[in-house]
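**Q** Structure in structure tokens, see below.
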Amino acid sequence: MCGIVGYIGQQQAAPILLDGLSKLEYRGYDSAGVAVFDGDGISVNKARGRLEALYNKIDGGNTVSGSMGIGHTRWATHGEPSDVNAHPHLSRSGRFAVVHNGIIENYIALKKRLISKGFEFISDTDTEVVAHLFEYYYKGDIIETMIKVIQKVEGSYALGVLCSDYPDQFVAVRKSSPLIVGLGQGENFIASDVTAILKYTREIYRLEDNEIVVLKKDGVKIYNTDKEEIQKETNTINWDVSAAEKGGYEHFMMKEMEEQPKALRDTISPRIKDGRVILDDVSLTPEYVKNINTIHIVACGSAYHVGMVGKYIIEQMTRIPVNVDIASEFHYRDPIMSDKDLTIVISQSGETADTRAALDRAKEKGSRILAIVNVVGSAIANAADDVIYTWAGPEIAVATTKAYSTQLAVIYLLALHMADALGKISADEYADMIEEIQSLPDKVEEILKNKDNIQYLASKFFSSKSIFFIGRNLDYAVSLEGSLKLKEISYIHSEAYAAGELKHGTISLIEDGTLVIALATGGRLFDKTVSNMKEVKARGAVVLGLTTNEHPNIHDAADYVIEIPKTHELLLPSLAVVPLQLFGYYVASLKGCDIDKPRNLAKSVTVE
Ligand code: G6P
């Protein structure tokens, strides 16, 4: 949700800013802008729409000179996407240029005050307030001004600020929005995410809230809000540069689906040693696990869907009750919980505002927090008591695939670890489960090799107006994700229903030719779901069944079938989700949709 990049060095800043923004476009893509200091003053260029519009406007950055600048790609919150609302925003005199990610919650009060002091506003954004505040408080010292400004603003922010009085430095700060500092040779950077600067450096500082950074080309200094310099450890990023590139694929989403076997291996193999689950990262002792009262899983979007699968798995294996909540609902409903509860928060980015707020709420209630996160050092990872990282690598496509799969793998490991601690699983079952978990990457690979059938099915149904997904228990939980994948990237209306619930209303939506994708992967509820398939078929639906190769008789109830390899019943979601991701992808591709950047969405939702 908004991407920031900043550069100071010996090279021309604008092309580097555009390059960095291209890696951050997944964070927002309704407008973009850059501000560059050229030795005399700050020049600002902005354009509504995709980054390409800005790129064309300034000829890839060639028409803008200067070796210090800041850039921004926007996901609108306050004010429609337009050139004027795009960042950077200038202060009244043009002395300050500001880029911002986050929300200034008290901007209306600040704006009124500034208007009463004679400031005029040209945009509808909350950010413009920050630019004018800089001007208002400026007495010649940029750090002191920054301190003053962040004392006045409430909310979340990552800020990059140029001041034309300081031709050889710029400043930045963050609170509850991500920002890292990249350390190069004779050049330094800021960015919302490491992918933007990976090409230039791997040495970074991760900033804590309200640490103020002053960047010069040959050095970076960090200050606290008392203007005292602080020393920080640098971190080295080991992500491959190619991880943030499409590498020959048409879309990041396809690349990331294809990366799932590797991501699963990377997440699973270091945590299974000599046939045992070893969760070095967390301290869930058997005593602790035995005393857990209830587990709460909170998350948003696809991570919430992982939680839905997780409920079935953890309850089944440990018999500990599990509540799954949408994070934005959880933190406003005064959840009932105690210090005997464990809260599992799941987040790819580690920065989703609602998930972060839910974490804080659970902490207030005394619950221990275990986070399943992909981005190392992210806000949610830092705030949790324990973290299990998914080793999925950077995920760029807005629609998640490999993050979902690795989050689910962590749930399996966790459930197995807890079931063992509670003595709820026999040695044979344990060994069987380990073997099956270890075989998941190969089985996902097998599904990915057989994409043709799914592409064919997509070609039959890509002009559907509405598509339903049904399933029971685990299949229902996976249906939720299949339906979300399809609707978010193809814009086809879609809903997922618990198959047994159909008769209580939804079945009235079935018309001649409506596609119903029915998941019937497990053995226990197979016949029940087949009955539901027959019910919709009798009312005109076209049924696409998804099952394992153990159930050839699904052909009696389905017009088309997708088969997945068999595995332990509880692990089937890991396999079932893959054809559904592919189906969504191919449908969206045939419709000519912008798969990696679906309209109105952003990958990291850092506002409530
Ligand atoms: C957005 C993304 C989803 C993601 C959700 C939660 O809506 O488009 O793919 O599942 O946020 O994000 P998180 O980073 O917390 O997993």
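So you can find residues: chains in the structure tokens are A, B, ... in the order shown, residues in each start at 1, and ligands are numbered from 1 in order.
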Near Asp475 of chain A, counting only C-alpha atoms, which residues have an atom at most 9 Å away, once you skip same-chain residues fewer than 5 positions from it, shown as a PyMOL selection string?
**A** chain A and resi 309+470+480+498+518-522+572-573+576
**Q** Determine, for each residue of chain A having at least one atom at most 6 Å from an atom of ligand 1, the closest pair of atoms and their separation in Å to one decimal, counting only C-alpha atoms and all ligand atoms; order by chain and ascending number, as JSON lines.
**A**
```
{"residue": "A:Cys300", "atom": "CA", "partner": "ligand 1", "partner_atom_place_in_ligand_line": "6 (C)", "distance": 4.6}
{"residue": "A:Gly301", "atom": "CA", "partner": "ligand 1", "partner_atom_place_in_ligand_line": "10 (O)", "distance": 4.0}
{"residue": "A:Ser302", "atom": "CA", "partner": "ligand 1", "partner_atom_place_in_ligand_line": "10 (O)", "distance": 3.7}
{"residue": "A:Ala303", "atom": "CA", "partner": "ligand 1", "partner_atom_place_in_ligand_line": "10 (O)", "distance": 4.9}
{"residue": "A:Ser347", "atom": "CA", "partner": "ligand 1", "partner_atom_place_in_ligand_line": "16 (O)", "distance": 3.4}
{"residue": "A:Gln348", "atom": "CA", "partner": "ligand 1", "partner_atom_place_in_ligand_line": "16 (O)", "distance": 3.6}
{"residue": "A:Ser349", "atom": "CA", "partner": "ligand 1", "partner_atom_place_in_ligand_line": "14 (O)", "distance": 3.6}
{"residue": "A:Gly350", "atom": "CA", "partner": "ligand 1", "partner_atom_place_in_ligand_line": "14 (O)", "distance": 5.6}
{"residue": "A:Thr352", "atom": "CA", "partner": "ligand 1", "partner_atom_place_in_ligand_line": "15 (O)", "distance": 4.6}
{"residue": "A:Val398", "atom": "CA", "partner": "ligand 1", "partner_atom_place_in_ligand_line": "8 (O)", "distance": 4.9}
{"residue": "A:Ala399", "atom": "CA", "partner": "ligand 1", "partner_atom_place_in_ligand_line": "9 (O)", "distance": 4.7}
{"residue": "A:Thr400", "atom": "CA", "partner": "ligand 1", "partner_atom_place_in_ligand_line": "9 (O)", "distance": 4.4}
{"residue": "A:Ala602", "atom": "CA", "partner": "ligand 1", "partner_atom_place_in_ligand_line": "8 (O)", "distance": 5.7}
{"residue": "A:Lys603", "atom": "CA", "partner": "ligand 1", "partner_atom_place_in_ligand_line": "8 (O)", "distance": 4.2}
{"residue": "A:Ser604", "atom": "CA", "partner": "ligand 1", "partner_atom_place_in_ligand_line": "14 (O)", "distance": 5.4}
{"residue": "A:Val605", "atom": "CA", "partner": "ligand 1", "partner_atom_place_in_ligand_line": "11 (O)", "distance": 5.6}
```
**Q** Mind giving me the straight-line distance from atom CA of Ile222 of chain A to atom CA of Ser65 of chain A in Å, one decimal?
**A**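 Here the two named atoms are 27.5 Å from each other.
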**Q** A:Ala13, A:Ser405, A:Asp30, A:Val561: which is nearest Glu187 of chain A, counting only C-alpha atoms?
**A**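 Counting only C-alpha atoms, the residue closest to Glu187 of chain A is A:Ala13.
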**Q** Report as a list in words all protein, DNA and RNA residues lying within 7 Å of segment 354-360 of chain A, evaluated on only C-alpha atoms, omitting residues in the same chain fewer than 6 positions from it.
**A** Val298, Ala299, Cys300, Ala327, Ser328, Phe330, His331, Val345, Ile380 and Glu608 of chain A
**Q** Quick one: distance from atom CA of Thr606 of chain A to atom CA of Leu179 of chain A in Å, one decimal?
**A** 12.4 Å
**Q** Glu52 of chain A: which residues within 12 Å, counting only C-alpha atoms, same-chain residues fewer than 2 positions away excluded, as a PyMOL selection string?
**A** chain A and resi 18-19+21-22+25+29-33+46-50+54-61+73
**Q** Those same residues - N, CA and C atoms - I'd like them written as a compact mmCIF listing (two decimals), in the first residue's frame.
**A**
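Full text of part-v7.txt as output:
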```txt
# COMPACT_ATOMS: atom_id res chain seq x y z
N LEU A 18 12.88 5.23 -10.71
CA LEU A 18 11.86 4.53 -11.52
C LEU A 18 12.08 3.02 -11.46
N ASP A 19 13.34 2.62 -11.50
CA ASP A 19 13.63 1.19 -11.43
C ASP A 19 13.16 0.62 -10.09
N LEU A 21 10.87 1.87 -8.13
CA LEU A 21 9.39 1.90 -8.08
C LEU A 21 8.79 0.74 -8.87
N SER A 22 9.48 0.34 -9.94
CA SER A 22 8.92 -0.76 -10.73
C SER A 22 8.86 -2.04 -9.87
N GLU A 25 5.75 -1.60 -7.43
CA GLU A 25 4.45 -1.23 -7.99
C GLU A 25 3.34 -2.11 -7.42
N TYR A 29 -0.71 1.15 -7.47
CA TYR A 29 -0.43 1.41 -8.88
C TYR A 29 -1.48 2.32 -9.49
N ASP A 30 -1.96 3.29 -8.69
CA ASP A 30 -2.92 4.20 -9.32
C ASP A 30 -2.29 5.53 -9.70
N SER A 31 -1.10 5.82 -9.23
CA SER A 31 -0.35 6.98 -9.69
C SER A 31 1.07 6.88 -9.14
N ALA A 32 1.97 7.67 -9.70
CA ALA A 32 3.36 7.60 -9.25
C ALA A 32 4.01 8.96 -9.46
N GLY A 33 5.10 9.19 -8.75
CA GLY A 33 5.79 10.46 -8.92
C GLY A 33 7.21 10.41 -8.38
N LYS A 46 4.83 13.87 -11.82
CA LYS A 46 3.88 12.88 -11.36
C LYS A 46 2.96 12.50 -12.52
N ALA A 47 2.39 11.31 -12.42
CA ALA A 47 1.41 10.91 -13.43
C ALA A 47 0.43 9.94 -12.84
N ARG A 48 -0.81 10.15 -13.17
CA ARG A 48 -1.87 9.24 -12.77
C ARG A 48 -1.73 7.94 -13.56
N GLY A 49 -2.13 6.83 -12.97
CA GLY A 49 -2.10 5.56 -13.70
C GLY A 49 -0.86 4.76 -13.33
N ARG A 50 -0.58 3.78 -14.17
CA ARG A 50 0.56 2.90 -13.91
C ARG A 50 1.88 3.65 -14.01
N LEU A 54 4.34 7.55 -15.92
CA LEU A 54 5.39 8.44 -15.42
C LEU A 54 6.69 8.21 -16.19
N TYR A 55 6.96 6.94 -16.42
CA TYR A 55 8.18 6.56 -17.16
C TYR A 55 8.21 7.26 -18.53
N ASN A 56 7.07 7.19 -19.21
CA ASN A 56 7.00 7.82 -20.53
C ASN A 56 7.10 9.34 -20.43
N LYS A 57 6.47 9.88 -19.40
CA LYS A 57 6.45 11.34 -19.24
C LYS A 57 7.85 11.91 -19.08
N ILE A 58 8.73 11.16 -18.39
CA ILE A 58 10.07 11.69 -18.14
C ILE A 58 11.15 10.87 -18.88
N ASP A 59 10.71 10.19 -19.92
CA ASP A 59 11.62 9.43 -20.77
C ASP A 59 12.55 8.53 -19.94
N GLY A 60 11.94 7.71 -19.14
CA GLY A 60 12.73 6.78 -18.31
C GLY A 60 13.61 7.48 -17.31
N GLY A 61 13.34 8.75 -17.05
CA GLY A 61 14.12 9.50 -16.06
C GLY A 61 15.17 10.39 -16.72
N THR A 73 4.92 5.27 -5.36
CA THR A 73 3.84 4.69 -6.14
C THR A 73 2.65 4.56 -5.21
```
**Q** Point out the residue among A:Val306, A:Ala392, A:Ala557, A:Val194 with the least atom-to-atom distance to Ser378 of chain A, counting only C-alpha atoms.
**A**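 Of A:Val306, A:Ala392, A:Ala557, A:Val194, the one nearest Ser378 of chain A is A:Val194, counting only C-alpha atoms.
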**Q** Name the residues of segment 119-307 of chain A that fall into strand (DSSP E) according to DSSP on the backbone, using the chain letters and numbers of this document, as JSON, numbers by chain.
**A** {"A": [155, 156, 157, 158, 159, 160, 161, 162, 163, 170, 171, 172, 173, 174, 175, 180, 181, 182, 183, 188, 189, 190, 191, 203, 204, 205, 206, 212, 213, 214, 215, 216, 219, 220, 221, 222, 223, 229, 230, 235, 236, 272, 273, 276, 277, 295, 296, 297, 298, 299]}
**Q** Save out the residues we just selected, N, CA and C atoms, as a CSV table (one decimal), in the first residue's frame.
**A**
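Written out: out16.csv:
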```
chain,number,residue,atom,x,y,z
A,155,GLY,N,-0.9,8.5,13.7
A,155,GLY,CA,-1.2,7.5,12.6
A,155,GLY,C,0.0,6.7,12.2
A,156,SER,N,0.1,6.3,11.0
A,156,SER,CA,1.2,5.5,10.5
A,156,SER,C,1.9,6.3,9.4
A,157,TYR,N,3.2,6.1,9.4
A,157,TYR,CA,3.9,6.8,8.3
A,157,TYR,C,5.3,6.2,8.0
A,158,ALA,N,5.6,6.2,6.7
A,158,ALA,CA,7.0,6.1,6.3
A,158,ALA,C,7.2,7.3,5.5
A,159,LEU,N,8.2,8.1,5.8
A,159,LEU,CA,8.3,9.4,5.1
A,159,LEU,C,9.7,9.5,4.5
A,160,GLY,N,9.8,10.1,3.3
A,160,GLY,CA,11.0,10.5,2.7
A,160,GLY,C,10.9,12.0,2.4
A,161,VAL,N,11.9,12.8,2.8
A,161,VAL,CA,11.7,14.2,2.7
A,161,VAL,C,13.0,14.8,2.1
A,162,LEU,N,12.8,15.6,1.0
A,162,LEU,CA,13.9,16.4,0.5
A,162,LEU,C,13.7,17.8,0.9
A,163,CYS,N,14.8,18.5,1.2
A,163,CYS,CA,14.8,19.9,1.5
A,163,CYS,C,15.8,20.6,0.6
A,170,PHE,N,19.2,13.9,2.4
A,170,PHE,CA,17.8,13.9,2.6
A,170,PHE,C,17.4,13.1,3.9
A,171,VAL,N,16.2,13.2,4.3
A,171,VAL,CA,15.9,12.5,5.6
A,171,VAL,C,14.7,11.6,5.4
A,172,ALA,N,14.6,10.6,6.4
A,172,ALA,CA,13.5,9.7,6.3
A,172,ALA,C,13.2,9.2,7.7
A,173,VAL,N,11.9,8.7,7.9
A,173,VAL,CA,11.5,8.2,9.2
A,173,VAL,C,10.4,7.2,9.0
A,174,ARG,N,10.1,6.4,9.9
A,174,ARG,CA,8.9,5.5,9.8
A,174,ARG,C,8.3,5.2,11.2
A,175,LYS,N,7.0,5.0,11.1
A,175,LYS,CA,6.3,4.5,12.3
A,175,LYS,C,5.1,3.6,11.8
A,180,ILE,N,13.1,0.6,4.8
A,180,ILE,CA,14.5,0.1,5.1
A,180,ILE,C,15.5,1.1,4.5
A,181,VAL,N,16.7,1.1,5.0
A,181,VAL,CA,17.8,1.9,4.4
A,181,VAL,C,18.8,1.0,3.8
A,182,GLY,N,19.1,1.3,2.5
A,182,GLY,CA,20.1,0.5,1.8
A,182,GLY,C,21.4,1.2,1.8
A,183,LEU,N,22.5,0.4,2.1
A,183,LEU,CA,23.8,1.0,2.2
A,183,LEU,C,24.7,0.6,1.0
A,188,ASN,N,23.4,5.8,-1.3
A,188,ASN,CA,22.5,5.2,-0.3
A,188,ASN,C,21.1,5.3,-0.7
A,189,PHE,N,20.2,4.5,0.0
A,189,PHE,CA,18.9,4.4,-0.5
A,189,PHE,C,17.9,4.2,0.7
A,190,ILE,N,16.6,4.6,0.4
A,190,ILE,CA,15.5,4.1,1.3
A,190,ILE,C,14.6,3.4,0.4
A,191,ALA,N,13.8,2.5,1.0
A,191,ALA,CA,12.8,1.8,0.2
A,191,ALA,C,11.8,1.1,1.2
A,203,GLU,N,23.2,-4.7,1.8
A,203,GLU,CA,23.4,-4.3,3.2
A,203,GLU,C,22.3,-3.3,3.6
A,204,ILE,N,21.6,-3.6,4.6
A,204,ILE,CA,20.5,-2.7,5.0
A,204,ILE,C,20.5,-2.4,6.5
A,205,TYR,N,19.8,-1.3,6.8
A,205,TYR,CA,19.3,-1.1,8.2
A,205,TYR,C,17.8,-1.3,8.2
A,206,ARG,N,17.3,-2.0,9.2
A,206,ARG,CA,15.9,-2.0,9.4
A,206,ARG,C,15.6,-1.0,10.5
A,212,ILE,N,15.2,8.4,13.0
A,212,ILE,CA,15.3,9.4,11.9
A,212,ILE,C,16.6,9.2,11.2
A,213,VAL,N,16.5,9.0,9.9
A,213,VAL,CA,17.7,8.7,9.1
A,213,VAL,C,18.1,9.9,8.3
A,214,VAL,N,19.4,10.2,8.3
A,214,VAL,CA,19.9,11.3,7.4
A,214,VAL,C,20.8,10.6,6.4
A,215,LEU,N,20.5,10.7,5.1
A,215,LEU,CA,21.3,10.0,4.1
A,215,LEU,C,22.1,11.0,3.3
A,216,LYS,N,23.4,10.7,3.3
A,216,LYS,CA,24.3,11.4,2.4
A,216,LYS,C,24.9,10.4,1.4
A,219,GLY,N,27.5,8.3,3.4
A,219,GLY,CA,27.2,7.8,4.8
A,219,GLY,C,25.8,8.1,5.2
A,220,VAL,N,25.4,7.3,6.2
A,220,VAL,CA,24.0,7.3,6.8
A,220,VAL,C,24.1,7.5,8.3
A,221,LYS,N,23.4,8.4,8.8
A,221,LYS,CA,23.3,8.6,10.3
A,221,LYS,C,21.9,8.4,10.8
A,222,ILE,N,21.8,7.8,11.9
A,222,ILE,CA,20.4,7.6,12.5
A,222,ILE,C,20.3,8.3,13.8
A,223,TYR,N,19.2,8.9,14.1
A,223,TYR,CA,19.0,9.7,15.3
A,223,TYR,C,17.7,9.3,16.0
A,229,GLU,N,22.6,10.6,18.1
A,229,GLU,CA,22.9,9.6,17.1
A,229,GLU,C,22.9,8.3,17.7
A,230,ILE,N,22.3,7.3,17.0
A,230,ILE,CA,22.3,5.9,17.5
A,230,ILE,C,23.0,5.0,16.6
A,235,ASN,N,22.0,-5.4,8.4
A,235,ASN,CA,21.5,-6.8,8.1
A,235,ASN,C,21.9,-7.1,6.6
A,236,THR,N,22.3,-8.3,6.3
A,236,THR,CA,22.6,-8.6,5.0
A,236,THR,C,21.4,-9.5,4.4
A,272,ILE,N,12.5,-30.5,9.5
A,272,ILE,CA,12.3,-31.9,9.8
A,272,ILE,C,13.7,-32.5,9.9
A,273,LYS,N,14.1,-33.0,11.1
A,273,LYS,CA,15.4,-33.6,11.2
A,273,LYS,C,15.2,-35.0,11.8
A,276,ARG,N,11.8,-36.0,12.7
A,276,ARG,CA,11.0,-35.3,13.8
A,276,ARG,C,10.9,-33.8,13.3
A,277,VAL,N,9.8,-33.2,13.7
A,277,VAL,CA,9.6,-31.8,13.5
A,277,VAL,C,10.4,-31.0,14.5
A,295,ILE,N,-6.9,-21.9,20.9
A,295,ILE,CA,-6.0,-21.2,19.9
A,295,ILE,C,-6.9,-20.3,19.1
A,296,HIS,N,-6.4,-19.1,18.9
A,296,HIS,CA,-7.1,-18.1,18.0
A,296,HIS,C,-6.2,-17.9,16.8
A,297,ILE,N,-6.8,-18.0,15.6
A,297,ILE,CA,-6.0,-17.7,14.4
A,297,ILE,C,-6.6,-16.4,13.9
A,298,VAL,N,-5.7,-15.4,13.7
A,298,VAL,CA,-6.2,-14.2,13.1
A,298,VAL,C,-5.4,-13.8,11.9
A,299,ALA,N,-6.1,-13.3,10.9
A,299,ALA,CA,-5.4,-12.9,9.6
A,299,ALA,C,-6.3,-12.3,8.7
```
**Q** Kindly assemble as a tab-separated table a list of the segment 427-512 of chain A residues that lie within 12 Å of segment 266-269 of chain A, each paired with its nearest atom pair and their distance in Å to one decimal, using only C-alpha atoms, sorted first by chain and then by ascending residue number.
**A**
```
residue	atom	partner	partner_atom	distance
A:Ile434	CA	A:Ile268	CA	10.0
A:Glu435	CA	A:Ser269	CA	11.3
A:Glu436	CA	A:Ile268	CA	11.4
A:Ile437	CA	A:Ile268	CA	7.9
A:Gln438	CA	A:Ile268	CA	7.2
A:Ser439	CA	A:Ile268	CA	10.2
A:Leu440	CA	A:Ile268	CA	9.5
A:Pro441	CA	A:Ile268	CA	9.2
```
**Q** Okay, now the selection with all heavy atoms, as a tab-separated table (two decimals), in the first residue's frame?
**A**
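So the final result, stored in result.tsv, reads:
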```
chain	number	residue	atom	x	y	z
A	434	ILE	N	4.93	-37.28	8.56
A	434	ILE	CA	6.21	-36.66	8.17
A	434	ILE	C	6.53	-37.00	6.72
A	434	ILE	O	6.87	-36.13	5.91
A	434	ILE	CB	7.37	-37.18	9.09
A	434	ILE	CG1	7.21	-36.64	10.50
A	434	ILE	CG2	8.74	-36.89	8.50
A	434	ILE	CD1	7.73	-35.24	10.73
A	435	GLU	N	6.37	-38.27	6.40
A	435	GLU	CA	6.69	-38.71	5.03
A	435	GLU	C	5.81	-37.98	4.01
A	435	GLU	O	6.27	-37.51	2.97
A	435	GLU	CB	6.45	-40.21	4.95
A	435	GLU	CG	7.12	-40.85	3.76
A	435	GLU	CD	6.85	-42.36	3.75
A	435	GLU	OE1	7.00	-43.01	4.83
A	435	GLU	OE2	6.45	-42.86	2.70
A	436	GLU	N	4.53	-37.88	4.36
A	436	GLU	CA	3.61	-37.23	3.42
A	436	GLU	C	3.90	-35.73	3.30
A	436	GLU	O	3.81	-35.16	2.22
A	436	GLU	CB	2.16	-37.47	3.85
A	436	GLU	CG	1.69	-38.89	3.64
A	436	GLU	CD	1.71	-39.33	2.19
A	436	GLU	OE1	1.38	-38.52	1.31
A	436	GLU	OE2	2.09	-40.49	1.92
A	437	ILE	N	4.23	-35.10	4.43
A	437	ILE	CA	4.56	-33.66	4.36
A	437	ILE	C	5.78	-33.46	3.46
A	437	ILE	O	5.83	-32.56	2.63
A	437	ILE	CB	4.80	-33.07	5.78
A	437	ILE	CG1	3.50	-33.04	6.59
A	437	ILE	CG2	5.40	-31.66	5.70
A	437	ILE	CD1	3.64	-32.58	8.03
A	438	GLN	N	6.76	-34.35	3.64
A	438	GLN	CA	7.98	-34.23	2.82
A	438	GLN	C	7.72	-34.48	1.34
A	438	GLN	O	8.48	-34.03	0.49
A	438	GLN	CB	9.05	-35.19	3.34
A	438	GLN	CG	9.65	-34.69	4.65
A	438	GLN	CD	10.65	-35.65	5.23
A	438	GLN	OE1	10.39	-36.86	5.28
A	438	GLN	NE2	11.78	-35.15	5.71
A	439	SER	N	6.64	-35.21	1.04
A	439	SER	CA	6.37	-35.50	-0.38
A	439	SER	C	5.55	-34.40	-1.06
A	439	SER	O	5.34	-34.43	-2.27
A	439	SER	CB	5.66	-36.84	-0.51
A	439	SER	OG	4.31	-36.71	-0.10
A	440	LEU	N	5.06	-33.45	-0.26
A	440	LEU	CA	4.19	-32.41	-0.85
A	440	LEU	C	4.86	-31.63	-2.00
A	440	LEU	O	4.22	-31.42	-3.04
A	440	LEU	CB	3.70	-31.43	0.22
A	440	LEU	CG	2.62	-31.96	1.18
A	440	LEU	CD1	2.32	-30.93	2.27
A	440	LEU	CD2	1.35	-32.32	0.42
A	441	PRO	N	6.13	-31.20	-1.83
A	441	PRO	CA	6.72	-30.43	-2.94
A	441	PRO	C	6.71	-31.19	-4.27
A	441	PRO	O	6.39	-30.62	-5.31
A	441	PRO	CB	8.16	-30.16	-2.46
A	441	PRO	CG	8.08	-30.26	-0.96
A	441	PRO	CD	7.02	-31.27	-0.67
```
**Q** Determine the nearest neighbour of Val149 of chain A from the options A:Ser490, A:Asn210, A:Asn238, A:Gln185, counting only C-alpha atoms.
**A**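 Among the listed residues, A:Asn210 lies closest to Val149 of chain A.
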**Q** Taking a cut-off of 9 Å and counting only C-alpha atoms, can you build a table that, for each residue of segment 130-244 of chain A near segment 78-92 of chain A, reports the nearest atom pair and how far apart they are in Å (one decimal), sorted by chain then residue number, as a tab-separated table?
**A**
```
residue	atom	partner	partner_atom	distance
A:Val130	CA	A:Ser91	CA	8.3
A:Ala131	CA	A:Ser91	CA	4.7
A:His132	CA	A:Ser91	CA	4.7
A:Leu133	CA	A:Ser91	CA	8.0
A:Phe134	CA	A:Ser91	CA	7.4
A:Glu135	CA	A:Ser91	CA	6.2
A:Val161	CA	A:Pro88	CA	9.0
```
**Q** For Val241 of chain A, please output as a VMD selection string all residues within 9 Å (counting only C-alpha atoms; exclusion window: fewer than 5 positions along the same chain).
**A** chain A and resid 195 198 to 199
**Q** Dump N, CA and C atoms for the selected residues as a compact mmCIF listing (two decimals), in the first residue's frame?
**A**
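Full text of again_0.txt as output:
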```txt
# COMPACT_ATOMS: atom_id res chain seq x y z
N THR A 195 13.22 -5.42 -2.16
CA THR A 195 13.25 -5.77 -3.58
C THR A 195 13.62 -4.57 -4.45
N LEU A 198 17.64 -4.30 -4.19
CA LEU A 198 18.44 -5.53 -4.22
C LEU A 198 19.52 -5.50 -5.29
N LYS A 199 19.20 -4.84 -6.39
CA LYS A 199 20.12 -4.76 -7.51
C LYS A 199 21.37 -3.95 -7.14
```
**Q** Can you work out which one of A:Leu575, A:Val5, A:Ala379, A:Val36 has the shortest atom-to-atom distance to Gly482 of chain A, counting only C-alpha atoms?
**A**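 Among the listed residues, the smallest separation from Gly482 of chain A belongs to A:Leu575.
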**Q** What does the structure give for the distance between atom CA of Lys311 of chain A and atom CA of Gly471 of chain A, in Å to one decimal?
**A**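 One can read the atom CA of Lys311 of chain A to atom CA of Gly471 of chain A distance as 15.6 Å.
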**Q** If we count only C-alpha atoms and set the cut-off at 9 Å, which residues sit around Ile320 of chain A, ignoring sequence neighbours fewer than 2 positions away in its own chain? Please answer as a PyMOL selection string.
**A** chain A and resi 292-295+314-318+322
